>>> print(open('upload-v9.cif').read())   # mmCIF, C-alpha atoms
data_work
loop_
_atom_site.label_atom_id
_atom_site.label_comp_id
_atom_site.auth_asym_id
_atom_site.auth_seq_id
_atom_site.Cartn_x
_atom_site.Cartn_y
_atom_site.Cartn_z
CA MET A 1 -4.87 10.03 15.85
CA LEU A 2 -4.95 6.73 13.96
CA TYR A 3 -2.23 4.18 14.64
CA ASP A 4 -1.31 1.15 12.55
CA LYS A 5 -3.14 -1.19 14.96
CA ASP A 6 -6.34 0.88 14.53
CA ILE A 7 -6.16 0.63 10.74
CA ARG A 8 -5.23 -2.97 9.86
CA GLU A 9 -8.29 -5.09 10.65
CA PRO A 10 -10.88 -2.52 9.49
CA LEU A 11 -8.85 -1.99 6.29
CA PHE A 12 -8.71 -5.73 5.58
CA ASP A 13 -12.48 -6.01 6.17
CA TYR A 14 -13.04 -3.07 3.81
CA LEU A 15 -10.87 -4.66 1.09
CA GLU A 16 -12.67 -7.98 1.40
CA GLU A 17 -16.03 -6.23 1.13
CA ARG A 18 -14.83 -4.28 -1.90
CA TYR A 19 -13.00 -7.00 -3.86
CA GLY A 20 -14.68 -10.23 -2.79
CA LYS A 21 -12.35 -13.22 -2.81
CA ILE A 22 -9.03 -12.08 -1.35
CA ARG A 23 -6.40 -13.28 1.07
CA ILE A 24 -4.30 -10.90 3.12
CA ILE A 25 -0.71 -11.80 3.94
CA GLU A 26 0.79 -9.43 6.50
CA GLU A 27 4.40 -8.30 6.91
CA LYS A 28 5.81 -9.93 3.76
CA GLN A 29 9.53 -9.42 3.12
CA MET A 30 10.24 -8.16 -0.40
CA GLY A 31 13.64 -6.94 -1.42
CA ARG A 32 15.07 -4.61 1.21
CA SER A 33 11.63 -3.69 2.52
CA ARG A 34 8.69 -5.34 4.18
CA ALA A 35 5.20 -4.97 2.73
CA ASP A 36 2.68 -4.13 5.43
CA ALA A 37 0.22 -6.36 3.58
CA VAL A 38 -0.19 -8.26 0.34
CA MET A 39 -3.69 -8.63 -1.06
CA VAL A 40 -3.93 -11.83 -3.08
CA ARG A 41 -6.61 -11.82 -5.76
CA PRO A 42 -7.31 -14.61 -8.29
CA PHE A 43 -5.02 -13.13 -11.00
CA SER A 44 -2.94 -10.50 -9.23
CA LEU A 45 -1.08 -9.39 -6.12
CA SER A 46 -1.46 -5.93 -4.60
CA GLY A 47 1.05 -4.46 -2.19
CA ILE A 48 -0.40 -2.30 0.58
CA GLU A 49 1.66 0.24 2.48
CA ILE A 50 -0.05 1.59 5.60
CA LYS A 51 0.86 5.12 6.66
CA SER A 52 -0.74 5.79 10.02
CA ASP A 53 -0.97 9.29 11.43
CA ALA A 54 2.13 8.49 13.51
CA ASP A 55 4.26 7.52 10.45
CA THR A 56 6.64 9.65 8.41
CA TYR A 57 7.67 9.46 4.75
CA ALA A 58 11.33 8.78 5.61
CA ARG A 59 11.50 5.24 4.14
CA LEU A 60 8.71 5.53 1.59
CA LYS A 61 10.90 6.27 -1.45
CA ARG A 62 12.86 3.03 -1.00
CA GLN A 63 9.69 1.10 -0.14
CA VAL A 64 7.99 2.29 -3.34
CA GLN A 65 10.89 0.90 -5.40
CA ASP A 66 10.56 -2.50 -3.75
CA TYR A 67 6.76 -2.63 -3.97
CA ASP A 68 7.00 -1.74 -7.66
CA ARG A 69 9.24 -4.74 -8.38
CA TYR A 70 6.99 -7.35 -6.72
CA PHE A 71 3.33 -6.44 -7.10
CA ASP A 72 0.87 -6.02 -9.98
CA TYR A 73 -0.89 -3.17 -8.17
CA ASN A 74 0.06 -1.03 -5.18
CA TYR A 75 -1.90 0.98 -2.66
CA VAL A 76 -1.02 3.35 0.12
CA ALA A 77 -3.58 3.45 2.92
CA ALA A 78 -3.02 6.77 4.66
CA GLY A 79 -4.39 8.24 7.84
CA SER A 80 -6.05 11.65 7.70
CA ARG A 81 -2.79 13.39 8.63
CA HIS A 82 -1.25 12.21 5.32
CA GLY A 83 -4.41 12.36 3.18
CA ASN A 84 -3.67 15.68 1.49
CA HIS A 85 0.00 15.06 0.71
CA VAL A 86 0.46 11.33 0.17
CA GLU A 87 -0.05 11.52 -3.61
CA GLU A 88 3.12 13.63 -3.82
CA HIS A 89 5.08 10.66 -2.45
CA VAL A 90 3.81 7.75 -4.57
CA PRO A 91 3.78 7.19 -8.35
CA ALA A 92 0.68 7.94 -10.41
CA TRP A 93 -0.18 4.22 -10.79
CA TRP A 94 -0.47 3.71 -7.03
CA GLY A 95 -3.94 3.65 -5.53
CA ILE A 96 -4.62 5.85 -2.53
CA ILE A 97 -7.03 4.95 0.24
CA THR A 98 -7.55 7.57 2.94
CA ILE A 99 -8.72 6.70 6.41
CA GLU A 100 -10.74 8.94 8.70
CA GLN A 101 -11.50 8.35 12.37
CA GLU A 102 -15.17 8.69 13.20
CA GLU A 103 -16.66 8.44 16.69
CA ASN A 104 -16.59 4.65 17.06
CA HIS A 105 -15.24 3.40 13.73
CA VAL A 106 -13.00 4.29 10.80
CA ASP A 107 -14.14 5.24 7.29
CA PHE A 108 -12.25 4.50 4.08
CA TYR A 109 -12.26 6.61 0.93
CA VAL A 110 -10.64 5.69 -2.37
CA LEU A 111 -8.88 8.87 -3.38
CA ARG A 112 -7.32 7.19 -6.44
CA GLU A 113 -7.73 3.71 -7.95
CA ALA A 114 -4.57 1.67 -8.51
CA LYS A 115 -3.51 1.16 -12.12
CA PRO A 116 -1.41 -1.75 -13.41
CA ASN A 117 2.14 -1.37 -12.15
CA PRO A 118 4.54 -0.97 -15.12
CA GLY A 119 7.56 -2.05 -13.03
CA CYS A 120 6.30 -5.42 -11.76
CA LEU A 121 8.76 -8.21 -12.52
CA LEU A 122 7.30 -11.71 -12.79
CA ARG A 123 10.68 -13.10 -11.63
CA ALA A 124 10.43 -11.08 -8.40
CA LYS A 125 6.79 -12.08 -7.93
CA LEU A 126 7.71 -15.78 -8.28
CA SER A 127 10.44 -15.32 -5.67
CA LEU A 128 7.72 -14.61 -3.07
CA LEU A 129 6.74 -18.28 -3.26
CA TRP A 130 8.23 -21.00 -1.09
CA ARG A 131 10.14 -23.84 -2.75
CA PRO A 132 7.27 -26.38 -2.24
CA GLU A 133 4.87 -23.90 -3.88
CA LEU A 134 7.20 -23.57 -6.87
CA ALA A 135 7.44 -27.38 -7.02
CA HIS A 136 3.65 -27.59 -7.19
CA ILE A 137 3.60 -25.13 -10.11
CA GLN A 138 6.30 -27.23 -11.82
CA LYS A 139 4.13 -30.34 -11.39
CA LEU A 140 1.00 -28.56 -12.69
CA ASN A 141 2.89 -27.59 -15.84
CA GLY A 142 4.58 -30.96 -16.43
CA LEU A 143 8.11 -29.73 -15.72
CA PRO A 144 10.80 -31.91 -14.17
CA LYS A 145 11.27 -31.65 -10.38
CA TYR A 146 14.77 -30.10 -10.45
CA ARG A 147 15.27 -31.26 -6.83
CA ASP A 148 18.97 -30.44 -6.72
CA LYS A 149 18.63 -27.07 -8.40
CA SER A 150 18.31 -23.64 -6.80
CA LYS A 151 15.10 -21.68 -6.41
CA LEU A 152 16.42 -19.17 -8.95
CA PHE A 153 17.05 -21.98 -11.47
CA VAL A 154 13.46 -23.20 -11.05
CA ILE A 155 12.10 -19.67 -11.46
CA GLU A 156 14.04 -19.24 -14.72
CA LYS A 157 12.65 -22.55 -16.05
CA LEU A 158 9.09 -21.52 -15.16
CA LEU A 159 9.55 -18.16 -16.88
CA ALA A 160 10.88 -19.86 -20.01
CA ARG A 161 8.25 -22.60 -20.26
CA VAL A 162 4.96 -21.39 -18.78
CA PRO A 163 2.80 -18.64 -20.30
CA GLU A 164 2.87 -15.43 -18.24
CA GLU A 165 -0.92 -15.23 -17.79
CA LEU A 166 -0.99 -18.77 -16.42
CA LEU A 167 1.86 -18.04 -14.00
CA HIS A 168 0.01 -15.03 -12.58
CA GLU A 169 -3.02 -17.22 -11.89
CA GLN A 170 -0.93 -20.07 -10.43
CA ILE A 171 1.03 -17.71 -8.14
CA SER A 172 -2.23 -16.38 -6.73
CA GLN A 173 -3.61 -19.89 -6.30
CA GLU A 174 -0.51 -21.00 -4.37
CA LEU A 175 -0.78 -17.98 -2.07
CA PHE A 176 -4.50 -18.60 -1.51
CA GLU A 177 -3.60 -22.14 -0.43
CA ARG A 178 -0.46 -21.23 1.57
CA ASP A 179 -0.30 -23.22 4.78
CA TYR A 180 1.78 -21.62 7.50
CA THR A 181 1.73 -24.89 9.50
CA TYR A 182 3.64 -26.65 6.68
CA PHE A 183 7.00 -26.28 8.42
CA ASP A 184 5.72 -26.95 11.97
#
>>> encode(input="upload-v9.cif", output="C-alpha cells")
Amino acid sequence: MLYDKDIREPLFDYLEERYGKIRIIEEKQMGRSRADAVMVRPFSLSGIEIKSDADTYARLKRQVQDYDRYFDYNYVAAGSRHGNHVEEHVPAWWGIITIEQEENHVDFYVLREAKPNPGCLLRAKLSLLWRPELAHIQKLNGLPKYRDKSKLFVIEKLLARVPEELLHEQISQELFERDYTYFD
C-alpha cells in the first residue's frame, strides 16, 4: 500500500526528469482547499493532487473546483488502488499519473496527459503571489507602487495594464525566485 509520504519525493523527481526546469511548492492554500503540490514551469502552473492508496474521493469534487480556478494544468497522481477509477472523478482536461509499488521503488505511468484548463482565472493565479512579488511585477511593468492599496486593487491594475502572456511568464518567474526566508 502506497502512502502520501511514499509518493511525494519520487513523484517530484519524476516530474523534474520529465519536464526539466520546474519548482515544486508543497501544500499551497488555494480557495477553500490546499493543493498537495504546485509545479511551476516557465510559462505555467500545474496543480497536483496526490491520491495515495489510503485516500478516499470524499473531498475531491470540491478540490477539483478550486484547482480549476488557480492552475493552467492539473494532474492527479493516484496510487494503484485508484488507478482504474480515478478518471471518473476528474474532468477530461486533468492529467492522470498512476503510481505502482515495485520491490524497492515506485514506478510512474502517464495514463492521460493534462490539457489546458479552461477554468483557470488569471486573477486567482495572481492571488497566489505575495504582496512583494506583486510589487516586483508592478516595477517590471512600469506601474506605480500603489503602497496604500489592497492586494486586490493591485491585481486589477495588473490585469488591466499588462498583457496576459507576459503575466503568466512573470508569475512563474516570481515563484521560481520565491524566498521563504523573506519574512524571517
>>> resolve_selection(input="upload-v9.cif", expression="the PyMOL selection byres ((chain A and resi 172) around 12)", output="VMD selection string")
chain A and resid 21 to 25 38 to 46 71 to 72 125 to 126 128 to 129 133 to 134 137 165 to 171 173 to 178
>>> closest_residue(input="upload-v9.cif", among="A:Ala160, A:Gly20, A:Val76, A:Trp130", to="A:Tyr180", atoms="all atoms listed in the file")
A:Trp130
>>> resolve_selection(input="upload-v9.cif", expression="the PyMOL selection byres ((chain A and resi 119) around 12)", output="number ranges by chain")
A: 64-74, 91, 93-94, 115-118, 120-125
>>> closest_residue(input="upload-v9.cif", among="A:Arg32, A:Lys5, A:His85, A:Glu27", to="A:Arg59", atoms="only C-alpha atoms")
A:Arg32
>>> closest_residue(input="upload-v9.cif", among="A:Arg147, A:Arg18, A:Asn141, A:His89", to="A:Leu159", atoms="only C-alpha atoms")
A:Asn141
>>> atom_distance(input="upload-v9.cif", atom1="atom CA of A:Glu17", atom2="atom CA of A:Thr98")
16.3 Å
>>> atom_distance(input="upload-v9.cif", atom1="atom CA of A:Pro10", atom2="atom CA of A:Ala77")
11.5 Å
>>> closest_residue(input="upload-v9.cif", among="A:Lys149, A:Glu102, A:Arg131, A:Lys61", to="A:Glu88", atoms="all atoms listed in the file")
A:Lys61
>>> closest_residue(input="upload-v9.cif", among="A:Ala37, A:Leu140, A:Leu158, A:Val86", to="A:Leu15", atoms="all atoms listed in the file")
A:Ala37
>>> closest_residue(input="upload-v9.cif", among="A:Glu49, A:Asp148, A:Glu16, A:Asp179", to="A:Ile96", atoms="only C-alpha atoms")
A:Glu49
>>> atom_distance(input="upload-v9.cif", atom1="atom CA of A:Ser52", atom2="atom CA of A:Ser127")
28.6 Å
>>> resolve_selection(input="upload-v9.cif", expression="the PyMOL selection byres ((chain A and resi 109) around 8)", output="tab-separated table (two decimals) with C-alpha atoms, keeping the file's coordinate frame")
chain	number	residue	atom	x	y	z
A	97	ILE	CA	-7.03	4.95	0.24
A	98	THR	CA	-7.55	7.57	2.94
A	99	ILE	CA	-8.72	6.70	6.41
A	107	ASP	CA	-14.14	5.24	7.29
A	108	PHE	CA	-12.25	4.50	4.08
A	110	VAL	CA	-10.64	5.69	-2.37
A	111	LEU	CA	-8.88	8.87	-3.38
>>> build_atoms(input="upload-v9.cif", residues="stretch 128-142 of chain A", atoms="N, CA, C and O atoms", output="short mmCIF file (atom, residue, chain, number, x, y, z; two decimals), keeping the file's coordinate frame")
data_model
loop_
_atom_site.label_atom_id
_atom_site.label_comp_id
_atom_site.auth_asym_id
_atom_site.auth_seq_id
_atom_site.Cartn_x
_atom_site.Cartn_y
_atom_site.Cartn_z
N LEU A 128 8.50 -14.68 -4.30
CA LEU A 128 7.72 -14.61 -3.07
C LEU A 128 7.23 -15.99 -2.63
O LEU A 128 6.86 -16.18 -1.47
N LEU A 129 7.23 -16.94 -3.57
CA LEU A 129 6.74 -18.28 -3.26
C LEU A 129 7.80 -19.11 -2.56
O LEU A 129 9.00 -18.93 -2.76
N TRP A 130 7.35 -20.04 -1.73
CA TRP A 130 8.23 -21.00 -1.09
C TRP A 130 8.59 -22.08 -2.09
O TRP A 130 7.90 -22.30 -3.08
N ARG A 131 9.67 -22.78 -1.84
CA ARG A 131 10.14 -23.84 -2.75
C ARG A 131 9.06 -24.91 -3.00
O ARG A 131 8.85 -25.31 -4.15
N PRO A 132 8.32 -25.39 -1.97
CA PRO A 132 7.27 -26.38 -2.24
C PRO A 132 6.15 -25.82 -3.13
O PRO A 132 5.55 -26.56 -3.91
N GLU A 133 5.88 -24.52 -3.03
CA GLU A 133 4.87 -23.90 -3.88
C GLU A 133 5.35 -23.85 -5.33
O GLU A 133 4.58 -24.12 -6.27
N LEU A 134 6.62 -23.54 -5.51
CA LEU A 134 7.20 -23.57 -6.87
C LEU A 134 7.16 -24.99 -7.43
O LEU A 134 6.86 -25.19 -8.61
N ALA A 135 7.46 -25.97 -6.58
CA ALA A 135 7.44 -27.38 -7.02
C ALA A 135 6.03 -27.78 -7.47
O ALA A 135 5.88 -28.53 -8.45
N HIS A 136 5.02 -27.28 -6.79
CA HIS A 136 3.65 -27.59 -7.19
C HIS A 136 3.33 -26.98 -8.56
O HIS A 136 2.69 -27.62 -9.40
N ILE A 137 3.80 -25.75 -8.80
CA ILE A 137 3.60 -25.13 -10.11
C ILE A 137 4.34 -25.92 -11.19
O ILE A 137 3.83 -26.12 -12.30
N GLN A 138 5.55 -26.39 -10.88
CA GLN A 138 6.30 -27.23 -11.82
C GLN A 138 5.48 -28.46 -12.18
O GLN A 138 5.36 -28.82 -13.36
N LYS A 139 4.92 -29.11 -11.18
CA LYS A 139 4.13 -30.34 -11.39
C LYS A 139 2.90 -30.03 -12.24
O LYS A 139 2.59 -30.78 -13.17
N LEU A 140 2.19 -28.93 -11.93
CA LEU A 140 1.00 -28.56 -12.69
C LEU A 140 1.30 -28.36 -14.18
O LEU A 140 0.45 -28.61 -15.03
N ASN A 141 2.52 -27.90 -14.46
CA ASN A 141 2.89 -27.59 -15.84
C ASN A 141 3.75 -28.66 -16.49
O ASN A 141 4.30 -28.45 -17.57
N GLY A 142 3.86 -29.83 -15.84
CA GLY A 142 4.58 -30.96 -16.43
C GLY A 142 6.08 -30.77 -16.55
O GLY A 142 6.71 -31.38 -17.41
#
